[in-house]
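Just structure17.txt here, compact mmCIF, N, CA and C atoms:
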# COMPACT_ATOMS: atom_id res chain seq x y z
N MET A 17 -7.06 -13.75 -44.20
CA MET A 17 -8.10 -13.51 -43.22
C MET A 17 -7.53 -13.51 -41.82
N GLN A 18 -6.65 -14.49 -41.56
CA GLN A 18 -6.06 -14.60 -40.23
C GLN A 18 -5.19 -13.37 -39.93
N ARG A 19 -4.49 -12.85 -40.94
CA ARG A 19 -3.66 -11.66 -40.74
C ARG A 19 -4.51 -10.45 -40.35
N ARG A 20 -5.67 -10.33 -40.98
CA ARG A 20 -6.56 -9.22 -40.65
C ARG A 20 -7.03 -9.31 -39.21
N LEU A 21 -7.33 -10.50 -38.76
CA LEU A 21 -7.77 -10.72 -37.39
C LEU A 21 -6.66 -10.35 -36.42
N VAL A 22 -5.43 -10.77 -36.72
CA VAL A 22 -4.30 -10.46 -35.84
C VAL A 22 -4.06 -8.95 -35.84
N ALA A 23 -4.10 -8.32 -37.02
CA ALA A 23 -3.88 -6.88 -37.11
C ALA A 23 -4.96 -6.12 -36.35
N SER A 24 -6.19 -6.56 -36.46
CA SER A 24 -7.29 -5.90 -35.74
C SER A 24 -7.12 -6.06 -34.24
N THR A 25 -6.71 -7.22 -33.81
CA THR A 25 -6.50 -7.48 -32.38
C THR A 25 -5.38 -6.60 -31.84
N VAL A 26 -4.29 -6.51 -32.58
CA VAL A 26 -3.16 -5.68 -32.15
C VAL A 26 -3.58 -4.22 -32.09
N LEU A 27 -4.30 -3.76 -33.07
CA LEU A 27 -4.76 -2.38 -33.11
C LEU A 27 -5.70 -2.06 -31.94
N CYS A 28 -6.64 -2.95 -31.70
CA CYS A 28 -7.58 -2.75 -30.59
C CYS A 28 -6.86 -2.76 -29.25
N THR A 29 -5.91 -3.65 -29.09
CA THR A 29 -5.15 -3.73 -27.84
C THR A 29 -4.35 -2.44 -27.64
N ALA A 30 -3.73 -1.95 -28.69
CA ALA A 30 -2.93 -0.73 -28.59
C ALA A 30 -3.81 0.46 -28.20
N ILE A 31 -5.02 0.51 -28.71
CA ILE A 31 -5.93 1.60 -28.40
C ILE A 31 -6.43 1.51 -26.98
N LEU A 32 -6.70 0.30 -26.51
CA LEU A 32 -7.29 0.12 -25.20
C LEU A 32 -6.29 0.12 -24.06
N VAL A 33 -5.00 -0.04 -24.35
CA VAL A 33 -3.99 -0.05 -23.29
C VAL A 33 -3.92 1.36 -22.70
N PRO A 34 -4.07 1.46 -21.38
CA PRO A 34 -4.05 2.79 -20.78
C PRO A 34 -2.66 3.42 -20.91
N LEU A 35 -2.66 4.74 -21.13
CA LEU A 35 -1.41 5.47 -21.24
C LEU A 35 -0.85 5.73 -19.84
N PRO A 36 0.48 5.70 -19.70
CA PRO A 36 1.06 6.00 -18.39
C PRO A 36 0.81 7.45 -18.01
N ALA A 37 0.81 7.72 -16.72
CA ALA A 37 0.60 9.08 -16.26
C ALA A 37 1.74 9.97 -16.74
N MET A 38 1.42 11.22 -17.02
CA MET A 38 2.42 12.13 -17.53
C MET A 38 3.29 12.64 -16.40
N SER A 39 4.58 12.66 -16.65
CA SER A 39 5.50 13.25 -15.68
C SER A 39 5.67 14.72 -16.04
N GLY A 40 6.42 15.43 -15.24
CA GLY A 40 6.64 16.85 -15.48
C GLY A 40 7.21 17.13 -16.85
N CYS A 41 8.13 16.30 -17.31
CA CYS A 41 8.75 16.51 -18.62
C CYS A 41 7.71 16.42 -19.73
N GLU A 42 6.85 15.43 -19.63
CA GLU A 42 5.86 15.24 -20.68
C GLU A 42 4.83 16.36 -20.69
N THR A 43 4.47 16.88 -19.52
CA THR A 43 3.51 17.97 -19.50
C THR A 43 4.16 19.24 -20.02
N ALA A 44 5.45 19.40 -19.82
CA ALA A 44 6.14 20.56 -20.38
C ALA A 44 6.10 20.49 -21.91
N GLN A 45 6.24 19.29 -22.45
CA GLN A 45 6.16 19.15 -23.90
C GLN A 45 4.75 19.51 -24.38
N LEU A 46 3.75 19.11 -23.63
CA LEU A 46 2.39 19.46 -23.98
C LEU A 46 2.22 20.98 -23.94
N GLY A 47 2.81 21.62 -22.94
CA GLY A 47 2.75 23.07 -22.85
C GLY A 47 3.39 23.73 -24.05
N ASN A 48 4.49 23.15 -24.54
CA ASN A 48 5.14 23.71 -25.72
C ASN A 48 4.24 23.60 -26.95
N LEU A 49 3.42 22.55 -27.00
CA LEU A 49 2.51 22.40 -28.13
C LEU A 49 1.43 23.47 -28.14
N LEU A 50 1.13 24.01 -26.97
CA LEU A 50 0.07 25.01 -26.84
C LEU A 50 0.62 26.43 -26.90
N SER A 51 1.88 26.62 -27.27
CA SER A 51 2.49 27.95 -27.28
C SER A 51 2.03 28.78 -28.46
N SER A 52 2.59 29.96 -28.59
CA SER A 52 2.15 30.95 -29.57
C SER A 52 1.99 30.46 -31.00
N PRO A 53 2.94 29.73 -31.56
CA PRO A 53 2.71 29.33 -32.97
C PRO A 53 1.42 28.56 -33.17
N THR A 54 1.09 27.68 -32.24
CA THR A 54 -0.15 26.93 -32.36
C THR A 54 -1.35 27.87 -32.22
N ALA A 55 -1.31 28.76 -31.26
CA ALA A 55 -2.40 29.71 -31.08
C ALA A 55 -2.56 30.58 -32.31
N MET A 56 -1.45 30.99 -32.88
CA MET A 56 -1.49 31.82 -34.09
C MET A 56 -2.16 31.07 -35.23
N GLU A 57 -1.85 29.80 -35.36
CA GLU A 57 -2.43 29.00 -36.43
C GLU A 57 -3.93 28.78 -36.23
N LEU A 58 -4.38 28.79 -34.99
CA LEU A 58 -5.79 28.54 -34.70
C LEU A 58 -6.67 29.77 -34.95
N LEU A 59 -6.06 30.94 -34.99
CA LEU A 59 -6.84 32.16 -35.22
C LEU A 59 -7.23 32.31 -36.68
N SER A 60 -8.40 32.86 -36.90
CA SER A 60 -8.84 33.11 -38.27
C SER A 60 -8.03 34.26 -38.87
N PRO A 61 -7.92 34.30 -40.18
CA PRO A 61 -7.21 35.42 -40.81
C PRO A 61 -7.82 36.78 -40.45
N LEU A 62 -9.13 36.83 -40.29
CA LEU A 62 -9.80 38.08 -39.92
C LEU A 62 -9.31 38.58 -38.56
N VAL A 63 -9.21 37.68 -37.59
CA VAL A 63 -8.77 38.07 -36.25
C VAL A 63 -7.29 38.44 -36.26
N LYS A 64 -6.49 37.68 -36.99
CA LYS A 64 -5.06 38.01 -37.10
C LYS A 64 -4.87 39.40 -37.71
N ASP A 65 -5.61 39.66 -38.78
CA ASP A 65 -5.52 40.98 -39.43
C ASP A 65 -5.95 42.09 -38.49
N ALA A 66 -7.02 41.84 -37.74
CA ALA A 66 -7.52 42.85 -36.79
C ALA A 66 -6.49 43.10 -35.69
N ALA A 67 -5.87 42.05 -35.18
CA ALA A 67 -4.86 42.21 -34.13
C ALA A 67 -3.66 43.00 -34.65
N ASN A 68 -3.20 42.64 -35.84
CA ASN A 68 -2.07 43.36 -36.43
C ASN A 68 -2.43 44.82 -36.71
N SER A 69 -3.65 45.05 -37.19
CA SER A 69 -4.11 46.41 -37.46
C SER A 69 -4.21 47.22 -36.16
N TYR A 70 -4.75 46.61 -35.13
CA TYR A 70 -4.89 47.28 -33.83
C TYR A 70 -3.52 47.70 -33.32
N ILE A 71 -2.59 46.77 -33.32
CA ILE A 71 -1.24 47.04 -32.80
C ILE A 71 -0.57 48.13 -33.64
N SER A 72 -0.65 48.00 -34.95
CA SER A 72 -0.02 48.95 -35.85
C SER A 72 -0.61 50.35 -35.71
N ASN A 73 -1.93 50.44 -35.70
CA ASN A 73 -2.58 51.75 -35.61
C ASN A 73 -2.35 52.41 -34.25
N LEU A 74 -2.37 51.61 -33.19
CA LEU A 74 -2.15 52.19 -31.86
C LEU A 74 -0.69 52.63 -31.73
N THR A 75 0.23 51.88 -32.30
CA THR A 75 1.64 52.27 -32.29
C THR A 75 1.85 53.55 -33.10
N ASP A 76 1.19 53.64 -34.26
CA ASP A 76 1.27 54.86 -35.07
C ASP A 76 0.71 56.07 -34.32
N LEU A 77 -0.42 55.85 -33.67
CA LEU A 77 -1.05 56.92 -32.89
C LEU A 77 -0.12 57.39 -31.77
N THR A 78 0.52 56.44 -31.12
CA THR A 78 1.46 56.77 -30.04
C THR A 78 2.64 57.57 -30.58
N ALA A 79 3.16 57.16 -31.73
CA ALA A 79 4.28 57.88 -32.34
C ALA A 79 3.87 59.30 -32.71
N MET A 80 2.66 59.46 -33.25
CA MET A 80 2.18 60.80 -33.60
C MET A 80 2.06 61.67 -32.35
N LEU A 81 1.59 61.08 -31.27
CA LEU A 81 1.50 61.82 -30.02
C LEU A 81 2.89 62.25 -29.56
N GLY A 82 3.86 61.37 -29.77
CA GLY A 82 5.23 61.67 -29.36
C GLY A 82 5.85 62.80 -30.15
N ASP A 83 5.33 63.07 -31.33
CA ASP A 83 5.85 64.14 -32.18
C ASP A 83 5.27 65.51 -31.84
N ILE A 84 4.28 65.54 -30.98
CA ILE A 84 3.64 66.82 -30.63
C ILE A 84 4.56 67.59 -29.67
N ASN A 85 4.86 68.84 -30.06
CA ASN A 85 5.69 69.67 -29.18
C ASN A 85 5.23 71.13 -29.15
N SER A 86 4.05 71.38 -29.72
CA SER A 86 3.52 72.75 -29.71
C SER A 86 2.00 72.70 -29.86
N LEU A 87 1.38 73.84 -29.64
CA LEU A 87 -0.06 73.93 -29.80
C LEU A 87 -0.44 73.66 -31.26
N GLN A 88 0.36 74.15 -32.20
CA GLN A 88 0.10 73.88 -33.61
C GLN A 88 0.22 72.39 -33.90
N GLY A 89 1.16 71.71 -33.23
CA GLY A 89 1.30 70.26 -33.37
C GLY A 89 0.06 69.53 -32.90
N VAL A 90 -0.53 70.01 -31.81
CA VAL A 90 -1.78 69.43 -31.31
C VAL A 90 -2.89 69.60 -32.34
N LEU A 91 -3.00 70.78 -32.90
CA LEU A 91 -4.05 71.05 -33.89
C LEU A 91 -3.84 70.20 -35.15
N ASN A 92 -2.61 70.07 -35.60
CA ASN A 92 -2.31 69.22 -36.76
C ASN A 92 -2.65 67.76 -36.47
N PHE A 93 -2.31 67.32 -35.27
CA PHE A 93 -2.61 65.95 -34.85
C PHE A 93 -4.12 65.70 -34.91
N ILE A 94 -4.88 66.60 -34.36
CA ILE A 94 -6.35 66.46 -34.34
C ILE A 94 -6.91 66.41 -35.76
N ASP A 95 -6.36 67.23 -36.65
CA ASP A 95 -6.84 67.27 -38.03
C ASP A 95 -6.58 65.97 -38.79
N MET A 96 -5.47 65.29 -38.49
CA MET A 96 -5.11 64.13 -39.30
C MET A 96 -5.35 62.77 -38.64
N ILE A 97 -5.85 62.76 -37.44
CA ILE A 97 -5.93 61.50 -36.67
C ILE A 97 -7.20 60.69 -36.91
N GLU A 98 -8.23 61.28 -37.42
CA GLU A 98 -9.53 60.59 -37.54
C GLU A 98 -9.47 59.27 -38.31
N PRO A 99 -8.78 59.17 -39.45
CA PRO A 99 -8.72 57.87 -40.15
C PRO A 99 -8.05 56.78 -39.31
N THR A 100 -7.02 57.15 -38.57
CA THR A 100 -6.33 56.16 -37.72
C THR A 100 -7.26 55.69 -36.61
N ILE A 101 -7.99 56.60 -36.03
CA ILE A 101 -8.93 56.23 -34.96
C ILE A 101 -10.04 55.33 -35.53
N ASP A 102 -10.51 55.63 -36.73
CA ASP A 102 -11.54 54.79 -37.35
C ASP A 102 -11.02 53.37 -37.60
N GLN A 103 -9.79 53.25 -38.09
CA GLN A 103 -9.20 51.93 -38.32
C GLN A 103 -9.00 51.20 -36.99
N LEU A 104 -8.60 51.93 -35.99
CA LEU A 104 -8.41 51.34 -34.66
C LEU A 104 -9.73 50.83 -34.09
N LYS A 105 -10.79 51.61 -34.27
CA LYS A 105 -12.12 51.19 -33.80
C LYS A 105 -12.59 49.92 -34.51
N SER A 106 -12.36 49.87 -35.81
CA SER A 106 -12.76 48.70 -36.58
C SER A 106 -12.02 47.45 -36.09
N ALA A 107 -10.73 47.57 -35.90
CA ALA A 107 -9.94 46.44 -35.40
C ALA A 107 -10.40 46.06 -34.00
N TYR A 108 -10.63 47.06 -33.15
CA TYR A 108 -11.10 46.79 -31.79
C TYR A 108 -12.42 46.02 -31.81
N ASN A 109 -13.35 46.44 -32.65
CA ASN A 109 -14.66 45.78 -32.72
C ASN A 109 -14.52 44.32 -33.14
N THR A 110 -13.64 44.04 -34.07
CA THR A 110 -13.40 42.65 -34.49
C THR A 110 -12.82 41.85 -33.33
N LEU A 111 -11.84 42.40 -32.65
CA LEU A 111 -11.22 41.69 -31.53
C LEU A 111 -12.21 41.49 -30.38
N ALA A 112 -13.02 42.49 -30.12
CA ALA A 112 -13.99 42.41 -29.03
C ALA A 112 -15.10 41.40 -29.31
N SER A 113 -15.31 41.07 -30.58
CA SER A 113 -16.39 40.14 -30.92
C SER A 113 -15.91 38.68 -30.98
N THR A 114 -14.69 38.42 -30.57
CA THR A 114 -14.18 37.05 -30.61
C THR A 114 -14.86 36.19 -29.55
N THR A 115 -14.93 34.90 -29.82
CA THR A 115 -15.48 33.95 -28.86
C THR A 115 -14.48 33.78 -27.72
N PRO A 116 -14.92 33.22 -26.60
CA PRO A 116 -13.98 32.98 -25.50
C PRO A 116 -12.77 32.13 -25.92
N GLU A 117 -13.00 31.14 -26.76
CA GLU A 117 -11.90 30.30 -27.22
C GLU A 117 -10.94 31.09 -28.10
N GLU A 118 -11.50 31.88 -29.03
CA GLU A 118 -10.65 32.72 -29.88
C GLU A 118 -9.89 33.75 -29.05
N ARG A 119 -10.54 34.27 -28.03
CA ARG A 119 -9.90 35.27 -27.17
C ARG A 119 -8.69 34.66 -26.48
N LYS A 120 -8.82 33.41 -26.05
CA LYS A 120 -7.69 32.72 -25.41
C LYS A 120 -6.53 32.61 -26.40
N TRP A 121 -6.80 32.21 -27.62
CA TRP A 121 -5.77 32.09 -28.64
C TRP A 121 -5.18 33.46 -28.98
N LEU A 122 -6.06 34.46 -29.03
CA LEU A 122 -5.63 35.82 -29.35
C LEU A 122 -4.62 36.32 -28.32
N TRP A 123 -4.92 36.11 -27.04
CA TRP A 123 -4.00 36.56 -25.99
C TRP A 123 -2.72 35.74 -25.99
N GLU A 124 -2.83 34.49 -26.34
CA GLU A 124 -1.63 33.65 -26.42
C GLU A 124 -0.73 34.13 -27.56
N ALA A 125 -1.31 34.46 -28.70
CA ALA A 125 -0.52 34.83 -29.88
C ALA A 125 -0.10 36.30 -29.88
N PHE A 126 -0.97 37.19 -29.43
CA PHE A 126 -0.72 38.63 -29.57
C PHE A 126 -0.67 39.39 -28.24
N GLY A 127 -0.92 38.71 -27.14
CA GLY A 127 -1.03 39.39 -25.85
C GLY A 127 0.11 40.35 -25.52
N PRO A 128 1.36 39.90 -25.58
CA PRO A 128 2.45 40.83 -25.24
C PRO A 128 2.52 42.06 -26.14
N LYS A 129 2.25 41.90 -27.42
CA LYS A 129 2.29 43.04 -28.34
C LYS A 129 1.13 44.00 -28.07
N ILE A 130 -0.05 43.45 -27.79
CA ILE A 130 -1.21 44.29 -27.49
C ILE A 130 -0.97 45.06 -26.19
N LYS A 131 -0.49 44.37 -25.18
CA LYS A 131 -0.22 45.03 -23.89
C LYS A 131 0.83 46.12 -24.05
N SER A 132 1.86 45.85 -24.82
CA SER A 132 2.91 46.84 -25.05
C SER A 132 2.37 48.07 -25.79
N ALA A 133 1.56 47.84 -26.81
CA ALA A 133 0.96 48.96 -27.55
C ALA A 133 0.05 49.78 -26.64
N ASN A 134 -0.75 49.10 -25.81
CA ASN A 134 -1.64 49.80 -24.88
C ASN A 134 -0.83 50.65 -23.89
N THR A 135 0.21 50.06 -23.32
CA THR A 135 1.03 50.76 -22.33
C THR A 135 1.72 51.96 -22.96
N GLY A 136 2.26 51.79 -24.15
CA GLY A 136 2.91 52.90 -24.83
C GLY A 136 1.96 54.05 -25.08
N PHE A 137 0.76 53.72 -25.53
CA PHE A 137 -0.24 54.76 -25.79
C PHE A 137 -0.62 55.48 -24.50
N LEU A 138 -0.89 54.72 -23.45
CA LEU A 138 -1.28 55.33 -22.18
C LEU A 138 -0.18 56.24 -21.64
N ASN A 139 1.05 55.77 -21.68
CA ASN A 139 2.17 56.58 -21.18
C ASN A 139 2.33 57.86 -21.99
N GLN A 140 2.27 57.75 -23.31
CA GLN A 140 2.45 58.92 -24.17
C GLN A 140 1.31 59.91 -24.00
N SER A 141 0.08 59.41 -23.92
CA SER A 141 -1.05 60.33 -23.78
C SER A 141 -1.05 61.00 -22.41
N GLU A 142 -0.61 60.28 -21.38
CA GLU A 142 -0.52 60.90 -20.05
C GLU A 142 0.55 61.99 -20.02
N ASP A 143 1.65 61.75 -20.72
CA ASP A 143 2.71 62.76 -20.78
C ASP A 143 2.22 64.05 -21.42
N LEU A 144 1.40 63.93 -22.46
CA LEU A 144 0.93 65.12 -23.18
C LEU A 144 -0.19 65.85 -22.48
N THR A 145 -0.96 65.16 -21.68
CA THR A 145 -2.11 65.80 -21.05
C THR A 145 -1.72 66.57 -19.79
N GLY A 146 -0.43 66.74 -19.56
CA GLY A 146 0.03 67.57 -18.45
C GLY A 146 -0.18 69.05 -18.72
N ASN A 147 -0.25 69.43 -19.98
CA ASN A 147 -0.48 70.82 -20.38
C ASN A 147 -2.00 71.03 -20.46
N SER A 148 -2.51 71.95 -19.65
CA SER A 148 -3.97 72.11 -19.55
C SER A 148 -4.62 72.54 -20.88
N THR A 149 -3.94 73.35 -21.66
CA THR A 149 -4.50 73.77 -22.96
C THR A 149 -4.56 72.57 -23.90
N TRP A 150 -3.49 71.82 -23.94
CA TRP A 150 -3.43 70.64 -24.81
C TRP A 150 -4.46 69.61 -24.37
N THR A 151 -4.62 69.46 -23.06
CA THR A 151 -5.57 68.48 -22.53
C THR A 151 -6.99 68.77 -23.02
N LYS A 152 -7.37 70.04 -23.00
CA LYS A 152 -8.72 70.40 -23.44
C LYS A 152 -8.94 70.04 -24.91
N LEU A 153 -7.89 70.14 -25.71
CA LEU A 153 -8.01 69.82 -27.13
C LEU A 153 -7.86 68.32 -27.39
N LEU A 154 -6.95 67.68 -26.68
CA LEU A 154 -6.64 66.27 -26.94
C LEU A 154 -7.65 65.29 -26.34
N ASN A 155 -8.15 65.58 -25.16
CA ASN A 155 -9.03 64.60 -24.49
C ASN A 155 -10.22 64.16 -25.32
N PRO A 156 -10.94 65.08 -25.99
CA PRO A 156 -12.07 64.59 -26.80
C PRO A 156 -11.66 63.60 -27.89
N VAL A 157 -10.47 63.80 -28.44
CA VAL A 157 -9.98 62.89 -29.49
C VAL A 157 -9.47 61.59 -28.85
N LEU A 158 -8.69 61.70 -27.80
CA LEU A 158 -8.12 60.52 -27.16
C LEU A 158 -9.18 59.65 -26.49
N ASP A 159 -10.27 60.29 -26.08
CA ASP A 159 -11.37 59.52 -25.46
C ASP A 159 -12.05 58.59 -26.46
N LYS A 160 -11.85 58.82 -27.74
CA LYS A 160 -12.43 57.95 -28.77
C LYS A 160 -11.66 56.63 -28.90
N VAL A 161 -10.46 56.59 -28.36
CA VAL A 161 -9.63 55.40 -28.45
C VAL A 161 -10.02 54.43 -27.35
N GLU A 162 -10.49 53.26 -27.77
CA GLU A 162 -10.86 52.21 -26.83
C GLU A 162 -9.77 51.15 -26.86
N LEU A 163 -9.19 50.87 -25.69
CA LEU A 163 -8.10 49.92 -25.62
C LEU A 163 -8.63 48.50 -25.41
N PHE A 164 -8.11 47.58 -26.18
CA PHE A 164 -8.51 46.17 -26.07
C PHE A 164 -7.76 45.55 -24.90
N GLN A 165 -8.51 44.97 -23.97
CA GLN A 165 -7.89 44.37 -22.79
C GLN A 165 -8.50 43.03 -22.49
Do you think you could lay out the structure here as structure tokens?
Amino acid sequence: MQRRLVASTVLCTAILVPLPAMSGCETAQLGNLLSSPTAMELLSPLVKDAANSYISNLTDLTAMLGDINSLQGVLNFIDMIEPTIDQLKSAYNTLASTTPEERKWLWEAFGPKIKSANTGFLNQSEDLTGNSTWTKLLNPVLDKVELFQ
């Protein structure tokens, strides 16, 4: 009985003793705990899948745009792009419906990849829309792509 009392007293004292203020080193360690792997673990599988799908589909779309070098290439692109745009929209809708907390984790875990995919797409689409004939054909299709930001 006496041991239990001593153990309880020690435990209560340890809990109630104030922690020392954090120095720069300790806050840096805390920052490391909040880095990408932790954010990745906090995201639901649905959001992770949507982020990976968004990045993958936008990267594929950008690559397809990069392969266009003729009017026939533009027409072929338009004919085959609809499924990719549909998958991209689905992923976008999932990402856009995240809570503010999930959005924070999402940007921590996937932010650089999403930004890179967005930038690549914008650069490639701007390069192709310099041709006025191609622009008239491509803009209606490219306008369907909503970038997650």
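Each of A:Ile97, A:Leu163, A:Leu58, A:Leu104 was compared to Glu117 (chain A) using only C-alpha atoms, and A:Leu58 turns out to be the nearest.
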- Item | Among the residues A:Asp159, A:Thr100, A:Lys152, A:Lys120, the one that comes closest to Ile71 (chain A) [using only C-alpha atoms] |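 Distance minimum relative to Ile71 (chain A) lands on A:Thr100.
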- Message: Just to confirm, what's the straight-line distance from CA of Asp76 (chain A) to CA of Asn134 (chain A) in Å (one decimal)?
- Response: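 Interatomic distance, CA of Asp76 (chain A) to CA of Asn134 (chain A): 11.7 Å.
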- Query: Leaving out Pro156 (chain A) and any residue of its chain fewer than 5 positions from it, which residues lie within 10 Å of it when counting only C-alpha atoms, given as a VMD selection string?
  - Reply: chain A and resid 94 151 161
Using the selection just defined, write its residues with N, CA and C atoms as a short mmCIF file (atom, residue, chain, number, x, y, z; two decimals), in the frame of the given file.
data_model
loop_
_atom_site.label_atom_id
_atom_site.label_comp_id
_atom_site.auth_asym_id
_atom_site.auth_seq_id
_atom_site.Cartn_x
_atom_site.Cartn_y
_atom_site.Cartn_z
N ILE A 94 -4.88 66.60 -34.36
CA ILE A 94 -6.35 66.46 -34.34
C ILE A 94 -6.91 66.41 -35.76
N THR A 151 -4.62 69.46 -23.06
CA THR A 151 -5.57 68.48 -22.53
C THR A 151 -6.99 68.77 -23.02
N VAL A 161 -10.46 56.59 -28.36
CA VAL A 161 -9.63 55.40 -28.45
C VAL A 161 -10.02 54.43 -27.35
#
